[in-house]
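So this block is structure-v4.pdb, PDB, C-alpha atoms:
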MODEL        1
ATOM      1  CA  MET D   1     -11.866 -12.765  19.182
ATOM      2  CA  VAL D   2     -11.939 -12.189  22.939
ATOM      3  CA  PRO D   3     -14.966 -10.012  23.871
ATOM      4  CA  GLY D   4     -12.833  -7.477  25.737
ATOM      5  CA  LYS D   5     -10.499  -7.026  22.811
ATOM      6  CA  ALA D   6     -13.396  -6.797  20.350
ATOM      7  CA  LEU D   7     -15.062  -4.061  22.406
ATOM      8  CA  GLU D   8     -11.776  -2.200  22.674
ATOM      9  CA  GLU D   9     -11.350  -2.352  18.908
ATOM     10  CA  ILE D  10     -14.925  -1.189  18.261
ATOM     11  CA  ARG D  11     -14.443   1.826  20.526
ATOM     12  CA  ASN D  12     -11.097   2.632  18.931
ATOM     13  CA  LEU D  13     -12.472   2.456  15.377
ATOM     14  CA  MET D  14     -15.558   4.491  16.196
ATOM     15  CA  ASN D  15     -13.398   7.234  17.707
ATOM     16  CA  ARG D  16     -10.786   7.238  14.990
ATOM     17  CA  SER D  17     -13.186   7.189  12.071
ATOM     18  CA  THR D  18     -15.373  10.067  13.216
ATOM     19  CA  ARG D  19     -14.698  13.058  11.056
ATOM     20  CA  SER D  20     -15.075  16.613  12.107
ATOM     21  CA  TYR D  21     -17.055  18.647   9.676
ATOM     22  CA  LEU D  22     -16.237  22.296   9.364
ATOM     23  CA  CYS D  23     -19.077  24.662   8.806
ATOM     24  CA  GLY D  24     -18.335  27.790   6.811
ATOM     25  CA  TRP D  25     -20.590  30.077   8.812
ATOM     26  CA  SER D  26     -18.369  29.975  11.911
ATOM     27  CA  PRO D  27     -15.236  31.387  10.232
ATOM     28  CA  PHE D  28     -17.463  33.810   8.334
ATOM     29  CA  LEU D  29     -19.023  35.193  11.539
ATOM     30  CA  CYS D  30     -15.593  35.228  13.227
ATOM     31  CA  GLY D  31     -14.258  37.272  10.337
ATOM     32  CA  LEU D  32     -17.066  39.825  10.525
ATOM     33  CA  ILE D  33     -16.479  40.258  14.250
ATOM     34  CA  ALA D  34     -12.740  40.658  13.667
ATOM     35  CA  LEU D  35     -13.398  43.229  10.945
ATOM     36  CA  ALA D  36     -15.673  45.213  13.258
ATOM     37  CA  GLY D  37     -13.193  44.993  16.146
ATOM     38  CA  GLY D  38     -10.194  45.929  14.001
ATOM     39  CA  LEU D  39     -11.939  48.885  12.412
ATOM     40  CA  ALA D  40     -13.124  50.068  15.830
ATOM     41  CA  VAL D  41      -9.544  50.018  17.134
ATOM     42  CA  ARG D  42      -8.388  51.864  14.039
ATOM     43  CA  GLY D  43     -11.041  54.505  14.686
ATOM     44  CA  LEU D  44      -9.993  54.818  18.332
ATOM     45  CA  ILE D  45      -6.315  55.286  17.457
ATOM     46  CA  GLY D  46      -7.202  57.734  14.695
ATOM     47  CA  SER D  47      -9.308  59.909  16.987
ATOM     48  CA  ALA D  48      -6.622  59.801  19.685
ATOM     49  CA  ASP D  49      -4.075  61.063  17.188
ATOM     50  CA  ALA D  50      -6.437  63.854  16.145
ATOM     51  CA  HIS D  51      -6.701  65.179  19.684
ATOM     52  CA  ALA D  52      -3.479  67.059  20.173
ATOM     53  CA  GLY D  53      -2.198  66.706  23.699
ATOM     54  CA  ASP D  54      -3.705  63.265  24.236
ATOM     55  CA  SER D  55      -0.985  61.036  25.513
ATOM     56  CA  GLY D  56      -0.488  58.689  22.574
ATOM     57  CA  PHE D  57      -2.103  55.298  22.669
ATOM     58  CA  PRO D  58      -5.653  54.916  24.043
ATOM     59  CA  VAL D  59      -4.843  51.776  26.042
ATOM     60  CA  ALA D  60      -8.045  51.283  28.044
ATOM     61  CA  PRO D  61     -10.607  51.646  25.214
ATOM     62  CA  VAL D  62      -8.504  49.491  22.888
ATOM     63  CA  CYS D  63      -8.256  46.775  25.544
ATOM     64  CA  ILE D  64     -12.042  46.846  26.007
ATOM     65  CA  VAL D  65     -12.636  46.530  22.256
ATOM     66  CA  ALA D  66     -10.030  43.743  22.057
ATOM     67  CA  ALA D  67     -11.642  41.785  24.904
ATOM     68  CA  LEU D  68     -15.078  42.229  23.302
ATOM     69  CA  THR D  69     -13.772  41.063  19.921
ATOM     70  CA  LEU D  70     -12.126  37.992  21.443
ATOM     71  CA  GLY D  71     -15.164  37.110  23.562
ATOM     72  CA  LEU D  72     -17.651  37.550  20.711
ATOM     73  CA  GLY D  73     -15.307  35.843  18.252
ATOM     74  CA  ILE D  74     -15.342  32.692  20.362
ATOM     75  CA  LEU D  75     -18.899  32.824  21.729
ATOM     76  CA  VAL D  76     -20.903  33.708  18.611
ATOM     77  CA  PRO D  77     -19.590  30.868  16.375
ATOM     78  CA  PHE D  78     -19.760  28.471  19.326
ATOM     79  CA  ILE D  79     -23.417  29.224  20.082
ATOM     80  CA  PHE D  80     -24.181  29.230  16.359
ATOM     81  CA  SER D  81     -22.583  25.768  15.995
ATOM     82  CA  LEU D  82     -24.505  24.447  18.997
ATOM     83  CA  ILE D  83     -27.806  25.615  17.505
ATOM     84  CA  ARG D  84     -26.988  24.162  14.075
ATOM     85  CA  ALA D  85     -25.814  20.848  15.531
ATOM     86  CA  GLY D  86     -29.007  20.610  17.571
ATOM     87  CA  ARG D  87     -31.164  21.339  14.552
ATOM     88  CA  ASN D  88     -29.378  18.710  12.436
ATOM     89  CA  GLY D  89     -29.490  16.124  15.200
ATOM     90  CA  ILE D  90     -25.703  15.920  15.549
ATOM     91  CA  LYS D  91     -24.448  14.983  18.969
ATOM     92  CA  LEU D  92     -21.440  16.996  20.078
ATOM     93  CA  SER D  93     -19.018  14.740  21.844
ATOM     94  CA  PHE D  94     -15.623  15.401  23.286
ATOM     95  CA  ASN D  95     -14.108  12.272  21.758
ATOM     96  CA  ALA D  96     -10.431  11.617  21.126
ATOM     97  CA  ASN D  97     -10.517  13.310  17.739
ATOM     98  CA  ASN D  98     -12.198  16.473  19.010
ATOM     99  CA  ARG D  99      -9.833  16.619  21.959
ATOM    100  CA  ARG D 100      -6.913  16.536  19.552
ATOM    101  CA  LEU D 101      -8.472  19.307  17.451
ATOM    102  CA  PHE D 102      -8.966  21.406  20.543
ATOM    103  CA  VAL D 103      -5.368  21.024  21.747
ATOM    104  CA  THR D 104      -3.932  21.621  18.254
ATOM    105  CA  LEU D 105      -5.830  24.881  17.902
ATOM    106  CA  PHE D 106      -5.602  26.304  21.385
ATOM    107  CA  MET D 107      -2.088  25.416  22.437
ATOM    108  CA  PRO D 108      -0.287  27.767  20.003
ATOM    109  CA  VAL D 109      -3.057  30.362  20.381
ATOM    110  CA  LEU D 110      -2.723  30.406  24.175
ATOM    111  CA  ILE D 111       1.073  30.651  24.017
ATOM    112  CA  GLY D 112       0.825  33.496  21.491
ATOM    113  CA  GLY D 113      -1.789  35.160  23.696
ATOM    114  CA  MET D 114       0.532  35.020  26.714
ATOM    115  CA  MET D 115       3.282  36.640  24.665
ATOM    116  CA  CYS D 116       0.893  39.418  23.636
ATOM    117  CA  ILE D 117      -0.050  40.050  27.268
ATOM    118  CA  ALA D 118       3.643  40.213  28.144
ATOM    119  CA  MET D 119       4.149  42.712  25.330
ATOM    120  CA  CYS D 120       1.294  44.841  26.672
ATOM    121  CA  THR D 121       3.025  45.071  30.065
ATOM    122  CA  ALA D 122       6.427  45.958  28.578
ATOM    123  CA  LYS D 123       7.542  49.510  29.381
ATOM    124  CA  THR D 124       8.994  50.202  25.971
ATOM    125  CA  GLY D 125       6.394  50.315  23.214
ATOM    126  CA  MET D 126       5.974  46.780  21.977
ATOM    127  CA  TYR D 127       2.389  47.356  20.828
ATOM    128  CA  GLU D 128       3.246  47.385  17.168
ATOM    129  CA  TRP D 129       4.513  43.795  17.424
ATOM    130  CA  ILE D 130       1.281  42.421  18.880
ATOM    131  CA  PRO D 131      -0.671  41.998  15.599
ATOM    132  CA  ALA D 132       2.301  40.154  14.080
ATOM    133  CA  VAL D 133       2.554  37.730  17.010
ATOM    134  CA  MET D 134      -1.188  37.075  16.970
ATOM    135  CA  LEU D 135      -1.194  36.429  13.220
ATOM    136  CA  CYS D 136       1.840  34.123  13.272
ATOM    137  CA  PHE D 137       0.729  31.955  16.185
ATOM    138  CA  TYR D 138      -2.859  31.728  14.978
ATOM    139  CA  GLY D 139      -1.660  30.935  11.465
ATOM    140  CA  LEU D 140       0.538  28.110  12.777
ATOM    141  CA  ALA D 141      -2.386  26.735  14.776
ATOM    142  CA  VAL D 142      -4.707  26.799  11.756
ATOM    143  CA  TYR D 143      -2.030  25.253   9.540
ATOM    144  CA  ASN D 144      -1.571  22.349  11.964
ATOM    145  CA  LEU D 145      -5.321  21.984  12.332
ATOM    146  CA  SER D 146      -5.458  21.061   8.653
ATOM    147  CA  LYS D 147      -3.807  17.747   9.538
ATOM    148  CA  CYS D 148      -6.621  16.547  11.770
ATOM    149  CA  SER D 149      -9.564  18.305  10.157
ATOM    150  CA  GLU D 150     -10.401  19.814   6.783
ATOM    151  CA  PRO D 151      -7.184  19.553   4.695
ATOM    152  CA  SER D 152      -7.895  22.820   2.868
ATOM    153  CA  LEU D 153      -7.328  24.668   6.186
ATOM    154  CA  LYS D 154      -3.633  24.760   5.352
ATOM    155  CA  TRP D 155      -4.231  27.579   2.850
ATOM    156  CA  PRO D 156      -5.756  30.115   5.239
ATOM    157  CA  GLY D 157      -3.115  28.951   7.743
ATOM    158  CA  LEU D 158      -0.277  29.730   5.342
ATOM    159  CA  ILE D 159      -1.817  33.058   4.353
ATOM    160  CA  LEU D 160      -2.167  34.066   8.012
ATOM    161  CA  ILE D 161       1.486  33.166   8.646
ATOM    162  CA  LEU D 162       2.607  35.176   5.608
ATOM    163  CA  ILE D 163       0.531  38.199   6.636
ATOM    164  CA  GLY D 164       1.955  37.799  10.158
ATOM    165  CA  LEU D 165       5.519  37.803   8.855
ATOM    166  CA  ALA D 166       4.715  40.823   6.706
ATOM    167  CA  ALA D 167       3.416  42.541   9.837
ATOM    168  CA  CYS D 168       6.770  41.853  11.535
ATOM    169  CA  PHE D 169       8.542  43.971   8.941
ATOM    170  CA  LEU D 170       5.849  46.499   8.001
ATOM    171  CA  ARG D 171       5.016  47.408  11.569
ATOM    172  CA  GLN D 172       3.437  50.735  10.656
ATOM    173  CA  TYR D 173       0.752  48.772   8.802
ATOM    174  CA  ALA D 174       0.412  46.123  11.530
ATOM    175  CA  LEU D 175      -3.204  46.938  12.349
ATOM    176  CA  VAL D 176      -4.287  46.985   8.702
ATOM    177  CA  LEU D 177      -2.607  43.619   8.205
ATOM    178  CA  TRP D 178      -4.325  42.286  11.337
ATOM    179  CA  ILE D 179      -7.710  43.343   9.919
ATOM    180  CA  LEU D 180      -6.783  41.773   6.594
ATOM    181  CA  GLY D 181      -5.688  38.508   8.264
ATOM    182  CA  PHE D 182      -8.256  37.949  10.970
ATOM    183  CA  GLY D 183     -11.122  39.630   9.121
ATOM    184  CA  GLY D 184     -10.388  39.000   5.457
ATOM    185  CA  ALA D 185      -8.967  35.468   5.673
ATOM    186  CA  HIS D 186     -11.837  34.274   7.887
ATOM    187  CA  VAL D 187     -14.551  35.791   5.710
ATOM    188  CA  ILE D 188     -13.045  34.506   2.457
ATOM    189  CA  TYR D 189     -12.381  31.003   3.773
ATOM    190  CA  GLY D 190     -15.834  30.872   5.385
ATOM    191  CA  THR D 191     -17.484  31.879   2.110
ATOM    192  CA  TYR D 192     -15.432  29.228   0.287
ATOM    193  CA  LEU D 193     -16.620  26.523   2.706
ATOM    194  CA  ILE D 194     -20.244  27.627   2.490
ATOM    195  CA  PHE D 195     -20.210  27.441  -1.306
ATOM    196  CA  LYS D 196     -18.270  24.170  -1.263
ATOM    197  CA  SER D 197     -20.802  22.481   1.017
ATOM    198  CA  ARG D 198     -23.612  23.540  -1.314
ATOM    199  CA  GLY D 199     -21.828  21.672  -4.099
TER
ATOM    200  CA  MET F   1     -40.589  -7.913  33.985
ATOM    201  CA  ALA F   2     -38.782 -10.739  32.259
ATOM    202  CA  GLU F   3     -35.829 -12.041  34.164
ATOM    203  CA  GLN F   4     -32.639 -11.956  32.171
ATOM    204  CA  ASN F   5     -30.255 -14.826  32.186
ATOM    205  CA  PRO F   6     -26.802 -13.293  32.753
ATOM    206  CA  ILE F   7     -25.059 -15.822  30.538
ATOM    207  CA  SER F   8     -27.556 -15.721  27.676
ATOM    208  CA  LEU F   9     -26.016 -15.014  24.321
ATOM    209  CA  ASP F  10     -29.061 -13.132  23.057
ATOM    210  CA  GLY F  11     -28.007 -10.652  20.464
ATOM    211  CA  TYR F  12     -24.647 -12.249  19.773
ATOM    212  CA  ASP F  13     -24.291 -12.271  15.991
ATOM    213  CA  ARG F  14     -22.126 -14.859  14.288
ATOM    214  CA  LEU F  15     -21.795 -12.491  11.322
ATOM    215  CA  PHE F  16     -19.783 -10.118  13.533
ATOM    216  CA  GLU F  17     -17.273 -12.744  14.613
ATOM    217  CA  ASN F  18     -15.055 -11.638  11.770
ATOM    218  CA  ARG F  19     -12.762  -8.744  12.673
ATOM    219  CA  ILE F  20     -13.240  -6.891   9.394
ATOM    220  CA  ARG F  21     -17.032  -7.156   9.413
ATOM    221  CA  LEU F  22     -17.071  -5.909  13.003
ATOM    222  CA  GLY F  23     -14.744  -3.074  11.981
ATOM    223  CA  VAL F  24     -16.976  -2.054   9.075
ATOM    224  CA  MET F  25     -19.977  -1.951  11.395
ATOM    225  CA  SER F  26     -18.056   0.127  13.978
ATOM    226  CA  VAL F  27     -17.052   2.732  11.407
ATOM    227  CA  LEU F  28     -20.516   2.892   9.841
ATOM    228  CA  ALA F  29     -22.199   3.120  13.247
ATOM    229  CA  ALA F  30     -20.135   6.199  14.058
ATOM    230  CA  ASN F  31     -20.593   7.968  10.705
ATOM    231  CA  ASP F  32     -23.545   8.868   8.490
ATOM    232  CA  SER F  33     -21.817   7.328   5.499
ATOM    233  CA  TYR F  34     -18.335   6.225   4.548
ATOM    234  CA  ASP F  35     -16.844   5.672   1.108
ATOM    235  CA  PHE F  36     -15.119   2.477   0.051
ATOM    236  CA  VAL F  37     -11.589   3.880  -0.172
ATOM    237  CA  SER F  38     -11.701   5.547   3.244
ATOM    238  CA  LEU F  39     -13.153   2.393   4.731
ATOM    239  CA  ARG F  40     -10.334   0.349   3.225
ATOM    240  CA  GLN F  41      -7.708   2.742   4.587
ATOM    241  CA  MET F  42      -9.331   2.859   8.009
ATOM    242  CA  LEU F  43      -9.396  -0.932   8.326
ATOM    243  CA  GLY F  44      -6.128  -1.624   6.503
ATOM    244  CA  VAL F  45      -7.440  -4.403   4.276
ATOM    245  CA  THR F  46      -7.272  -5.257   0.579
ATOM    246  CA  ASP F  47      -9.917  -4.352  -2.001
ATOM    247  CA  GLY F  48     -11.157  -7.881  -2.572
ATOM    248  CA  ASN F  49     -11.272  -8.739   1.090
ATOM    249  CA  LEU F  50     -13.328  -5.673   1.950
ATOM    250  CA  THR F  51     -15.692  -6.242  -0.999
ATOM    251  CA  THR F  52     -16.460  -9.779   0.155
ATOM    252  CA  HIS F  53     -17.238  -8.719   3.698
ATOM    253  CA  LEU F  54     -19.287  -5.730   2.585
ATOM    254  CA  ARG F  55     -21.328  -8.005   0.328
ATOM    255  CA  ALA F  56     -21.996 -10.359   3.241
ATOM    256  CA  LEU F  57     -23.192  -7.442   5.384
ATOM    257  CA  GLU F  58     -25.307  -6.088   2.528
ATOM    258  CA  THR F  59     -26.927  -9.497   1.960
ATOM    259  CA  ALA F  60     -27.794  -9.616   5.654
ATOM    260  CA  GLY F  61     -29.462  -6.215   5.255
ATOM    261  CA  TYR F  62     -27.131  -4.532   7.751
ATOM    262  CA  VAL F  63     -25.456  -2.188   5.290
ATOM    263  CA  ALA F  64     -26.743  -0.160   2.346
ATOM    264  CA  SER F  65     -24.626   1.164  -0.499
ATOM    265  CA  VAL F  66     -25.015   4.061  -2.896
ATOM    266  CA  LYS F  67     -23.031   4.137  -6.116
ATOM    267  CA  GLN F  68     -22.390   7.479  -7.723
ATOM    268  CA  PHE F  69     -19.876   9.331  -9.832
ATOM    269  CA  ILE F  70     -17.690  12.103  -8.504
ATOM    270  CA  GLY F  71     -16.543  13.707 -11.737
ATOM    271  CA  ARG F  72     -15.618  10.654 -13.772
ATOM    272  CA  LYS F  73     -14.605   8.474 -10.869
ATOM    273  CA  PRO F  74     -17.073   5.922  -9.548
ATOM    274  CA  ASN F  75     -17.571   6.277  -5.827
ATOM    275  CA  THR F  76     -19.461   3.870  -3.592
ATOM    276  CA  SER F  77     -20.487   4.987  -0.160
ATOM    277  CA  TYR F  78     -21.875   2.746   2.536
ATOM    278  CA  SER F  79     -24.176   3.403   5.432
ATOM    279  CA  ILE F  80     -25.649   1.351   8.248
ATOM    280  CA  THR F  81     -29.336   0.338   8.053
ATOM    281  CA  GLU F  82     -31.856   0.420  10.935
ATOM    282  CA  GLN F  83     -31.620  -3.360  11.080
ATOM    283  CA  GLY F  84     -27.832  -3.231  11.060
ATOM    284  CA  ARG F  85     -27.728  -0.708  13.879
ATOM    285  CA  SER F  86     -29.978  -2.752  16.138
ATOM    286  CA  ALA F  87     -28.023  -5.953  15.377
ATOM    287  CA  PHE F  88     -24.746  -4.147  16.113
ATOM    288  CA  THR F  89     -26.066  -2.681  19.373
ATOM    289  CA  ALA F  90     -27.384  -6.086  20.441
ATOM    290  CA  HIS F  91     -24.025  -7.647  19.623
ATOM    291  CA  ILE F  92     -22.139  -5.107  21.730
ATOM    292  CA  THR F  93     -24.544  -5.650  24.610
ATOM    293  CA  ALA F  94     -23.965  -9.410  24.334
ATOM    294  CA  LEU F  95     -20.188  -8.882  24.306
ATOM    295  CA  SER F  96     -20.259  -6.705  27.404
ATOM    296  CA  LYS F  97     -22.445  -9.272  29.162
ATOM    297  CA  LEU F  98     -19.894 -11.945  28.307
ATOM    298  CA  LEU F  99     -17.224  -9.780  29.869
ATOM    299  CA  ASN F 100     -19.156  -9.352  33.091
ATOM    300  CA  ILE F 101     -19.688 -13.052  33.769
TER
ENDMDL
END
Show me the file's structure as structure tokens.
Amino acid sequence: MVPGKALEEIRNLMNRSTRSYLCGWSPFLCGLIALAGGLAVRGLIGSADAHAGDSGFPVAPVCIVAALTLGLGILVPFIFSLIRAGRNGIKLSFNANNRRLFVTLFMPVLIGGMMCIAMCTAKTGMYEWIPAVMLCFYGLAVYNLSKCSEPSLKWPGLILILIGLAACFLRQYALVLWILGFGGAHVIYGTYLIFKSRG
Amino acid sequence: MAEQNPISLDGYDRLFENRIRLGVMSVLAANDSYDFVSLRQMLGVTDGNLTTHLRALETAGYVASVKQFIGRKPNTSYSITEQGRSAFTAHITALSKLLNI
């Protein structure tokens, strides 16, 4: 075999064969953060309703809680994974496989996120649709992720999509369903992975 | 410092001239361990073919295997040895040197 071709093939095989291992603690932590964020928003809306005369939806505090939840939800598992990878001597590389994972997850999530921002700026109240959009797009992303990572990811993906569709119709319960989806599904799937990896 | 001959073939391993053996080493170098079935799918070869090449690599001491049962199914997983890794690295270095002549 020609040396150039052999090297090309070695690189290709090494990239293709590398598996991504999912750690259960990341979804678990994500879920706890989502639960905290969702319940905080619920509390905020509840107290706004209790104050007669307050003009409806407490936009600013909810946005702050939402930004905090998103930031922590990405940062905490990321830092946690970095620490764990370092301790186990795993090198994190942005190889072809990881790049594909990244695009598969974040493309639908970013598009859904843009839609949510657009809904926030709409003059007529579109707020009640936001949890449904988030759940559906995130569910689709997770479902597709199952094809290039852990195959069992398709179950939480499907459940998120179903909860998202339910939230489309039962809009008065949208927030509860959001907490159930982002909090519950993450925590349950994370726990499943943790127990599975222990054998 | 020893002067290196740019066209020396130091590290070139005849055992890796075969495409499948080189493929096995590439996969095992990138992963902690890999089971037989996944290895076969990754390389697109037949059972018998892969077994022969794996045995050759094992005899050379480049690859170690662990046989175990998952439920009732036998499962053999392979991993690269220290010796195998250094031979593989040396081979790649030799190949890149050949390219740069």
What residues in chain F have any atom no more than 6 Å from chain D when counting only C-alpha atoms, and can you write them as a short mmCIF file (atom, residue, chain, number, x, y, z; two decimals) with C-alpha atoms, in the frame of the given file?
data_model
loop_
_atom_site.label_atom_id
_atom_site.label_comp_id
_atom_site.auth_asym_id
_atom_site.auth_seq_id
_atom_site.Cartn_x
_atom_site.Cartn_y
_atom_site.Cartn_z
CA SER F 26 -18.06 0.13 13.98
CA VAL F 27 -17.05 2.73 11.41
CA ALA F 30 -20.14 6.20 14.06
CA LEU F 95 -20.19 -8.88 24.31
#
Expand the PyMOL selection byres ((chain D and resi 39) around 12) into the explicit residue set it covers here, and present it as a JSON list (two decimals) with C-alpha atoms, in the coordinates of the input.
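Final output, out00.json:
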[["chain", "number", "residue", "atom", "x", "y", "z"],
["D", 32, "LEU", "CA", -17.07, 39.83, 10.52],
["D", 33, "ILE", "CA", -16.48, 40.26, 14.25],
["D", 34, "ALA", "CA", -12.74, 40.66, 13.67],
["D", 35, "LEU", "CA", -13.40, 43.23, 10.94],
["D", 36, "ALA", "CA", -15.67, 45.21, 13.26],
["D", 37, "GLY", "CA", -13.19, 44.99, 16.15],
["D", 38, "GLY", "CA", -10.19, 45.93, 14.00],
["D", 40, "ALA", "CA", -13.12, 50.07, 15.83],
["D", 41, "VAL", "CA", -9.54, 50.02, 17.13],
["D", 42, "ARG", "CA", -8.39, 51.86, 14.04],
["D", 43, "GLY", "CA", -11.04, 54.50, 14.69],
["D", 44, "LEU", "CA", -9.99, 54.82, 18.33],
["D", 45, "ILE", "CA", -6.32, 55.29, 17.46],
["D", 46, "GLY", "CA", -7.20, 57.73, 14.70],
["D", 62, "VAL", "CA", -8.50, 49.49, 22.89],
["D", 65, "VAL", "CA", -12.64, 46.53, 22.26],
["D", 66, "ALA", "CA", -10.03, 43.74, 22.06],
["D", 69, "THR", "CA", -13.77, 41.06, 19.92],
["D", 175, "LEU", "CA", -3.20, 46.94, 12.35],
["D", 176, "VAL", "CA", -4.29, 46.98, 8.70],
["D", 177, "LEU", "CA", -2.61, 43.62, 8.20],
["D", 178, "TRP", "CA", -4.32, 42.29, 11.34],
["D", 179, "ILE", "CA", -7.71, 43.34, 9.92],
["D", 180, "LEU", "CA", -6.78, 41.77, 6.59],
["D", 182, "PHE", "CA", -8.26, 37.95, 10.97],
["D", 183, "GLY", "CA", -11.12, 39.63, 9.12]]
**Selection under test: the PyMOL selection byres ((chain D and resi 128) around 12); residues as a VMD selection string** = chain D and resid 57 116 119 to 120 122 124 to 127 129 to 134 164 167 to 178
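The neighbours of Ser38 (chain F) here are the residues that come within 12 Å of it, using all atoms listed in the file and leaving out any residue fewer than 3 positions away in the same chain; they are D:Arg16, D:Ser17, D:Thr18, D:Arg19, F:Val24, F:Val27, F:Leu28, F:Asn31, F:Ser33, F:Tyr34, F:Asp35, F:Gln41, F:Met42, F:Leu43, F:Gly44, F:Val45, F:Thr46, F:Asp47, F:Leu50, F:Asn75, F:Thr76, F:Ser77, F:Tyr78.
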**Atom-to-atom span, CA of Cys23 (chain D) and CA of Glu82 (chain F), Å** = 27.5 Å
**Request:** Name the residues that the PyMOL selection byres ((chain D and resi 29) around 8) picks from the file above, as a ChimeraX atom specification, using the file's chain letters and numbers.
**Result:** /D:25-28,30-33,73,76-77,187
**Item:** Separation of CA of Asp32 (chain F) from CA of Val142 (chain D) in Å
**Value:** 26.2 Å
**Message:** Please report the interatomic distance between CA of Arg14 (chain F) and CA of Leu39 (chain F) in Å with one decimal.
**Reply:** 21.7 Å
**Prompt:** Need the neighbours of (0.1, 30.0, 7.5): which residues are at most 10 Å away, counting only C-alpha atoms, as number ranges by chain?
**Reply:** D: 135-144, 153-165
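The neighbours of Ala64 (chain F) here are the residues that come within 8 Å of it, using only C-alpha atoms and leaving out any residue fewer than 6 positions away in the same chain; they are F:Glu58, F:Tyr78, F:Ser79, F:Ile80, F:Thr81.
Comparing the minimum interatomic distances between Ser149 (chain D) and each of D:Asn98, D:Leu82, D:Ile111, D:Cys63, counting all atoms listed in the file, we find that D:Asn98 sits nearest.
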Thr93 (chain F): which residues within 10 Å, counting only C-alpha atoms, same-chain residues fewer than 2 positions away excluded, as a PDB file with C-alpha atoms, keeping the file's coordinate frame?
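To be explicit, this is the file written out as result-v1.pdb:
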ATOM      1  CA  LEU D   7     -15.062  -4.061  22.406  1.00  0.00           C
TER       2      LEU D   7
ATOM      3  CA  LEU F   9     -26.016 -15.014  24.321  1.00  0.00           C
ATOM      4  CA  ASP F  10     -29.061 -13.132  23.057  1.00  0.00           C
ATOM      5  CA  GLY F  11     -28.007 -10.652  20.464  1.00  0.00           C
ATOM      6  CA  TYR F  12     -24.647 -12.249  19.773  1.00  0.00           C
ATOM      7  CA  ALA F  87     -28.023  -5.953  15.377  1.00  0.00           C
ATOM      8  CA  PHE F  88     -24.746  -4.147  16.113  1.00  0.00           C
ATOM      9  CA  THR F  89     -26.066  -2.681  19.373  1.00  0.00           C
ATOM     10  CA  ALA F  90     -27.384  -6.086  20.441  1.00  0.00           C
ATOM     11  CA  HIS F  91     -24.025  -7.647  19.623  1.00  0.00           C
ATOM     12  CA  LEU F  95     -20.188  -8.882  24.306  1.00  0.00           C
ATOM     13  CA  SER F  96     -20.259  -6.705  27.404  1.00  0.00           C
ATOM     14  CA  LYS F  97     -22.445  -9.272  29.162  1.00  0.00           C
ATOM     15  CA  LEU F  98     -19.894 -11.945  28.307  1.00  0.00           C
ATOM     16  CA  LEU F  99     -17.224  -9.780  29.869  1.00  0.00           C
TER      17      LEU F  99
END
**Prompt:** Pick from D:Met114, D:Ala185, D:Leu70, D:Leu193: nearest to Ser152 (chain D), with only C-alpha atoms counted?
**Reply:** D:Leu193
Would you mind listing what lies within 10 Å of Leu54 (chain F) as a PDB file with C-alpha atoms, in the frame of the given file, with all atoms listed in the file counted and same-chain residues fewer than 5 positions away left out?
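Below you can see selection11.pdb, which holds the result:
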ATOM      1  CA  ILE F  20     -13.240  -6.891   9.394  1.00  0.00           C
ATOM      2  CA  ARG F  21     -17.032  -7.156   9.413  1.00  0.00           C
ATOM      3  CA  VAL F  24     -16.976  -2.054   9.075  1.00  0.00           C
ATOM      4  CA  MET F  25     -19.977  -1.951  11.395  1.00  0.00           C
ATOM      5  CA  PHE F  36     -15.119   2.477   0.051  1.00  0.00           C
ATOM      6  CA  GLY F  48     -11.157  -7.881  -2.572  1.00  0.00           C
ATOM      7  CA  ASN F  49     -11.272  -8.739   1.090  1.00  0.00           C
ATOM      8  CA  THR F  59     -26.927  -9.497   1.960  1.00  0.00           C
ATOM      9  CA  ALA F  60     -27.794  -9.616   5.654  1.00  0.00           C
ATOM     10  CA  TYR F  62     -27.131  -4.532   7.751  1.00  0.00           C
ATOM     11  CA  VAL F  63     -25.456  -2.188   5.290  1.00  0.00           C
ATOM     12  CA  ALA F  64     -26.743  -0.160   2.346  1.00  0.00           C
ATOM     13  CA  SER F  65     -24.626   1.164  -0.499  1.00  0.00           C
ATOM     14  CA  TYR F  78     -21.875   2.746   2.536  1.00  0.00           C
TER      15      TYR F  78
END
Please supply region 73-79 of chain F, rebuilt with N, CA and C atoms, as a PDB file, in the frame of the given file.
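Result saved to result_12.pdb:
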ATOM      1  N   LYS F  73     -14.984   9.625 -11.685  1.00  0.00           N
ATOM      2  CA  LYS F  73     -14.605   8.474 -10.869  1.00  0.00           C
ATOM      3  C   LYS F  73     -15.828   7.862 -10.198  1.00  0.00           C
ATOM      4  N   PRO F  74     -15.985   6.550 -10.299  1.00  0.00           N
ATOM      5  CA  PRO F  74     -17.073   5.922  -9.548  1.00  0.00           C
ATOM      6  C   PRO F  74     -16.756   5.958  -8.058  1.00  0.00           C
ATOM      7  N   ASN F  75     -17.775   6.166  -7.262  1.00  0.00           N
ATOM      8  CA  ASN F  75     -17.571   6.277  -5.827  1.00  0.00           C
ATOM      9  C   ASN F  75     -18.735   5.562  -5.137  1.00  0.00           C
ATOM     10  N   THR F  76     -18.409   4.592  -4.304  1.00  0.00           N
ATOM     11  CA  THR F  76     -19.461   3.870  -3.592  1.00  0.00           C
ATOM     12  C   THR F  76     -19.393   4.247  -2.129  1.00  0.00           C
ATOM     13  N   SER F  77     -20.511   4.690  -1.587  1.00  0.00           N
ATOM     14  CA  SER F  77     -20.487   4.987  -0.160  1.00  0.00           C
ATOM     15  C   SER F  77     -21.479   4.079   0.561  1.00  0.00           C
ATOM     16  N   TYR F  78     -21.108   3.712   1.758  1.00  0.00           N
ATOM     17  CA  TYR F  78     -21.875   2.746   2.536  1.00  0.00           C
ATOM     18  C   TYR F  78     -22.444   3.408   3.778  1.00  0.00           C
ATOM     19  N   SER F  79     -23.607   2.915   4.181  1.00  0.00           N
ATOM     20  CA  SER F  79     -24.176   3.403   5.432  1.00  0.00           C
ATOM     21  C   SER F  79     -24.856   2.244   6.155  1.00  0.00           C
TER      22      SER F  79
END
